[in-house]
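> One structure, pasted below without further comment.
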Amino acid sequence: MSFSRYLVTSPRDLAGAAILLFVALVLPFCGLDDYYANVLVLILIYAGLASSWNLIGGVAGQFSLGHSAFFGIGAYTSTLLYNYAGISPWLGMLAGGVISTILAVAISYSVFRMRGVFFAMATLAVGETIRILLIYSRKFFDLPYSISINFTPGLSNMIFEERTTYALLAGGYLLACVAVTFVLVRSYAGFYLKAIRDNEDAADASGVPIRRYKLIAFLLSAFLTSIGGTLMAQYILYIEPGTVFSVELSVDLPLMAILGGIGTVVGPFIGAAILIPLREILVEQLGGTLSGAHLVIYGFLLIVIVIVLPHGLMGGLSSLREWVGRKRTSGGPARETAP
Amino acid sequence: MSLLDVRTVTKKFGGLVAVGEVDVRVEAGEIVGLIGPNGAGKTTLFNVIAGAMRPESGDVVFDGHSIVGLSAAAICRRGLARTFQIPQPFTTMTVAETIMTAAFLHGADVTASNREAHMVAERVGLGGREHVLTPTLTNAQKKRLEVGRALGTRPKLLLLDEVMAGLNHAEVSRMLDLIRRVRDEGVTILLVEHNMEAVMAISDRLIVLDAGRKIADGEPRAVVDDPAVIRAYLGDDEPEAVDA
Amino acid sequence: MLVFVQLVVSGVLLGGVYALAALGLNLIFGVAKVVNFAHGEFLMLGMYAGFWLMTTTGINPYFGAPLIAIVFFGVGLLFYAGLMRFTIYKPELTQVFATLGLGILLQNAALMAWSADYRTLQVMPAGWDSINVLGAFIPTNRLIAFAYSVAILAAVIVFLRTTFIGRAIEAVSQDLMSARLMGIDPNRVFLITFGLGIALTGVAGAVLVPSFYAFPSVGSFFVLASFVVVVLGGLGSVVGTIAGGLVLGLVETTVGYFAPDLKEATHFVLLIGLLTVRPHGLLGIKGAEKETLK
């Protein structure tokens, strides 16, 4: 374990950074088949989304089941502003982020009073409420149920001809999310959030401003998830309440984070990198989304992962390292690297 | 001006008066022991001072400012730190990381906090164990870590909640040494204790509570001989005649 | 005035339905401190069970309920022994996502097996679909479901208070450590509780299928309503489930009258509002919302 002044760092970080930079900035240029390029873009966007979820769900330990609200707000804000007001999605993206952040602040007063499953229940309710409100609002605003974006490529439109460009954009998004996570986890704030997760009363007695740090994680998470929503909308060029405000998404993001390693910096990326291709394969092999077969497997996977590997692959790796380390040294269980 | 001035504090639970109009003063540099029979209200008073409970009436003035109604974290930031009777470790952290968390009160510099955590660990007798995960510590070590965590915040006043509970004779002795060292470094101490031998050995002054009221306040020798105190601990019964 | 009476009658009937649907959830939560996110799917299975029972054997679910109860008791035992047993002492997210995963699995398995078609039963002989009492319109199926509600809730309360097992369950729900010290085996209590909870849920579904359509995702509708009932009435309180159900039924019916599209939203708004203000519900155990099983 070593430190630059404000962050806990470790030599292994360089390896992780190298892999991420490669995937985000080099892989898109490797002349991938269109099919694989599509999978890459999806992996990158979902990895960013899962990392964003991880900020509040993993690092701060408050598992939200309502992140579809922020995703959907991002998608709808930029799309509506672009389609009806001609505003560039780059600005629309920021606007969506701001609205999501405001929503997060508004509900934080309520939801932070609850712990564990009740926080999950309440956020689930928030996600569904936003979806219903949107559908209801169609009465007043004359909105169609589903909205398409015309394919007119251009940088200011955030629409691109080449999948490579989308991949770079998504890659940049992922790198930003991971960077934010890294700084949060490895700085003093990471210690605070861990303390809050481990023992809130002791954290309180140690001078940790609990509300404030939970809120910071929550706001960052809401903002970044919203950005991802805009990116997805600009990539798929089609949005409807059922897909962007879906409970499936709210469950997908935590699932990816858990598989890879909840609370870790690269866990969500690993989870996305495994689950997205897996999902594509399942849908291919077992017939379209209508039959439900791939979701049966999905549900089963969720159960197995959460029972067998609650700390995900990164957690498994970390336990392995500790076990090996203990075999080498004597004395009580110890940890020689950054969490 | 006293460092801690507890003014006529009353705390009720429904109809029960747990603490009734109690005044307590602690001067800087003192070690004050708070004792009393079971149910006397010591823990309640402790919790009121530490900000875990709000009194119905009265005021708690620390370092010249009222702290009633502030959160535990805010009180800690003002220089009043507390330990927990049953150690409350951060279950996924090491000894060093625990103390670092507390030390961040004074700056976000991770390198500096780590250095400070190592020094504090040394002071509380956990030197060499900085990388041990807290759940695997022994009870005595956890209690010392509690003190270490509180010290990490660089408090002016340290509130110790039955810090001797569960310690054997040798461990008590070590803890007493630690408390003395902490006072020598300039920290004022208020401790709630059941262990009479320990609290007598270490306190400059004793305060005795009984049924929510303060019944004695002074030098340990004098307090222990006070008939009111003896009655509180042993009860009012007439000693029975040996041959009936 | 007539409108008011109708609203009250409809609200109470609906409330009884919600209370019945939520009972199993509340029991399991109160005792094992587990929030079963797959609750809606078990309800859905109960509905299909009632449907298939009648279409294959001709026994209507009102009479076949005891049979369904037995079958679902077994399902509940399996649920605990095969899955929940492994989550009780793990981090909380395990419990949440394991039940969530099971819910997704069951919902889609139902989709694969029975397709998305809406199913319902015609149980009442023609002309008996509804009765008119004092000018208020009462669907008979709802009335029977309500009667079942009342009977089952009463039976459960009696069971918990008088039988040994019932009191063991109550003991574990109030203070696990003390119950253990008295020699009660928590594992066995959890096993029975899950059996009982799922049996109640299965019966609720079966009794509801003549009044509601059965389809694979019907669970998601009921699960939110059940959460609201549980939180309203009190986490872990059986009597509270009744109160919670009635309140929800009345509120939803009233809102439904003035703004039909917002009916669904009432569930969510109530849930969030309640969890904010009184996380332990109107009658429940204070602090239950901060408890986890250690």
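Here's how to read the names in the structure tokens: chain A, B, ... by the order shown, residue numbers from 1 in each chain, ligand numbers from 1 in the order shown.
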Can you list, as a list in words, every protein, DNA or RNA residue that comes within 10 Å of range 29-35 of chain A when you count only C-alpha atoms, leaving out same-chain residues fewer than 6 positions away?
Val23, Glu162, Arg163, Thr164, Thr165, Ala167 and Leu168 of chain A
> Quick one: write out the picked residues with N, CA and C atoms as a compact mmCIF listing (two decimals), in the first residue's frame?

```
# COMPACT_ATOMS: atom_id res chain seq x y z
N VAL A 23 -9.34 -1.13 -23.57
CA VAL A 23 -10.69 -1.47 -23.99
C VAL A 23 -11.46 -0.24 -24.47
N GLU A 162 -20.28 5.81 -37.72
CA GLU A 162 -19.43 4.68 -37.36
C GLU A 162 -19.68 4.22 -35.93
N ARG A 163 -19.76 2.92 -35.75
CA ARG A 163 -19.87 2.41 -34.38
C ARG A 163 -18.62 2.74 -33.59
N THR A 164 -17.51 2.86 -34.33
CA THR A 164 -16.25 3.18 -33.64
C THR A 164 -16.37 4.46 -32.84
N THR A 165 -17.00 5.47 -33.45
CA THR A 165 -17.13 6.74 -32.74
C THR A 165 -17.98 6.59 -31.49
N ALA A 167 -18.28 3.93 -29.83
CA ALA A 167 -17.47 3.18 -28.87
C ALA A 167 -16.51 4.10 -28.13
N LEU A 168 -15.93 5.04 -28.86
CA LEU A 168 -15.02 5.99 -28.20
C LEU A 168 -15.76 6.84 -27.18
```
> Per residue of chain A within 6 Å of chain B, which atom pair is closest and at what distance in Å (one decimal), using only C-alpha atoms, listed by chain and increasing number, as JSON lines?

```
{"residue": "A:Phe3", "atom": "CA", "partner": "B:Thr111", "partner_atom": "CA", "distance": 6.0}
{"residue": "A:Arg5", "atom": "CA", "partner": "B:Thr111", "partner_atom": "CA", "distance": 5.5}
{"residue": "A:Tyr6", "atom": "CA", "partner": "B:Asp109", "partner_atom": "CA", "distance": 4.9}
{"residue": "A:Tyr188", "atom": "CA", "partner": "B:Ala108", "partner_atom": "CA", "distance": 5.8}
{"residue": "A:Phe191", "atom": "CA", "partner": "B:Thr101", "partner_atom": "CA", "distance": 5.8}
{"residue": "A:Ala195", "atom": "CA", "partner": "B:Phe90", "partner_atom": "CA", "distance": 5.9}
{"residue": "A:Asp198", "atom": "CA", "partner": "B:Phe90", "partner_atom": "CA", "distance": 5.1}
{"residue": "A:Asn199", "atom": "CA", "partner": "B:Phe90", "partner_atom": "CA", "distance": 5.8}
{"residue": "A:Asp204", "atom": "CA", "partner": "B:Ala73", "partner_atom": "CA", "distance": 4.9}
{"residue": "A:Ala205", "atom": "CA", "partner": "B:Ala72", "partner_atom": "CA", "distance": 5.4}
{"residue": "A:Ser206", "atom": "CA", "partner": "B:Ala102", "partner_atom": "CA", "distance": 5.3}
{"residue": "A:Gly207", "atom": "CA", "partner": "B:Ala73", "partner_atom": "CA", "distance": 3.8}
{"residue": "A:Val208", "atom": "CA", "partner": "B:Ala73", "partner_atom": "CA", "distance": 5.7}
{"residue": "A:Ala334", "atom": "CA", "partner": "B:Val132", "partner_atom": "CA", "distance": 4.8}
{"residue": "A:Arg335", "atom": "CA", "partner": "B:His131", "partner_atom": "CA", "distance": 6.0}
```
> Just to be explicit: take each residue in the selection above, keep N, CA and C atoms, and write the result as a short mmCIF file (atom, residue, chain, number, x, y, z; two decimals), in the first residue's frame.

```cif
data_model
loop_
_atom_site.label_atom_id
_atom_site.label_comp_id
_atom_site.auth_asym_id
_atom_site.auth_seq_id
_atom_site.Cartn_x
_atom_site.Cartn_y
_atom_site.Cartn_z
N PHE A 3 0.89 5.68 -0.99
CA PHE A 3 -0.04 6.79 -1.12
C PHE A 3 0.53 7.93 -1.92
N ARG A 5 -0.51 11.88 -2.07
CA ARG A 5 -0.94 12.53 -0.84
C ARG A 5 -2.40 12.28 -0.45
N TYR A 6 -3.29 12.27 -1.44
CA TYR A 6 -4.69 12.20 -1.05
C TYR A 6 -5.37 10.90 -1.43
N TYR A 188 -10.08 9.99 1.29
CA TYR A 188 -10.60 9.93 2.65
C TYR A 188 -12.11 9.65 2.61
N PHE A 191 -12.86 6.05 2.91
CA PHE A 191 -12.81 5.56 4.29
C PHE A 191 -14.11 5.89 5.01
N ALA A 195 -16.74 3.28 6.50
CA ALA A 195 -17.10 3.34 7.92
C ALA A 195 -18.62 3.37 8.07
N ASP A 198 -19.91 -0.09 7.40
CA ASP A 198 -19.56 -1.08 8.41
C ASP A 198 -20.30 -0.85 9.72
N ASN A 199 -20.38 0.37 10.16
CA ASN A 199 -20.96 0.64 11.47
C ASN A 199 -21.31 2.12 11.56
N ASP A 204 -20.49 7.83 13.11
CA ASP A 204 -21.05 9.06 13.65
C ASP A 204 -20.19 9.55 14.81
N ALA A 205 -19.85 8.62 15.70
CA ALA A 205 -19.06 9.00 16.87
C ALA A 205 -17.63 9.38 16.51
N SER A 206 -17.20 9.05 15.30
CA SER A 206 -15.84 9.40 14.89
C SER A 206 -15.81 10.68 14.08
N GLY A 207 -16.94 11.37 14.06
CA GLY A 207 -16.95 12.66 13.38
C GLY A 207 -17.27 12.60 11.90
N VAL A 208 -17.73 11.44 11.40
CA VAL A 208 -18.04 11.34 9.97
C VAL A 208 -19.41 11.95 9.68
N ALA A 334 -4.31 -10.55 7.88
CA ALA A 334 -3.87 -9.18 7.63
C ALA A 334 -4.14 -8.81 6.20
N ARG A 335 -4.05 -7.57 5.93
CA ARG A 335 -4.26 -7.14 4.55
C ARG A 335 -3.13 -6.20 4.20
#
```
> Select residues of chain A: the criterion is any atom within 6 Å of an atom of chain C, counting only C-alpha atoms; output as a ChimeraX atom specification.
/A:110,115,122,125,129,291-292,296,299,302-303,306
> Create the file for the chosen residues now, containing C-alpha atoms and written as a PDB file, in the first residue's frame.

```pdb
ATOM      1  CA  SER A 110     -36.813  10.343   2.741  1.00  0.00           C
ATOM      2  CA  ARG A 115     -31.656   1.084   5.765  1.00  0.00           C
ATOM      3  CA  ALA A 122     -38.433   2.822  -1.513  1.00  0.00           C
ATOM      4  CA  ALA A 125     -41.127   2.633  -5.709  1.00  0.00           C
ATOM      5  CA  THR A 129     -43.564   6.216  -9.815  1.00  0.00           C
ATOM      6  CA  SER A 291     -40.328 -16.263 -24.747  1.00  0.00           C
ATOM      7  CA  GLY A 292     -38.746 -15.362 -21.440  1.00  0.00           C
ATOM      8  CA  VAL A 296     -35.261 -17.561 -16.495  1.00  0.00           C
ATOM      9  CA  GLY A 299     -32.938 -14.991 -12.630  1.00  0.00           C
ATOM     10  CA  LEU A 302     -28.731 -13.749 -10.055  1.00  0.00           C
ATOM     11  CA  ILE A 303     -29.565 -16.191  -7.285  1.00  0.00           C
ATOM     12  CA  VAL A 306     -25.516 -13.536  -4.904  1.00  0.00           C
TER      13      VAL A 306
END
```
> Please provide the set of residues having any atom within 12 Å of Leu25 in chain A, restricted to only C-alpha atoms, with same-chain residues fewer than 4 positions apart removed, written as a ChimeraX atom specification.
/A:17-21,29-30,40-41,44,164-175
> Need the shell around range 204-209 of chain B: protein/DNA/RNA residues with any atom at most 9 Å away, counting only C-alpha atoms. Skip same-chain ones fewer than 6 positions apart. Format as a PyMOL selection string?
chain B and resi 19+22+24+30-37+40-42+215-220+223-224+229+232
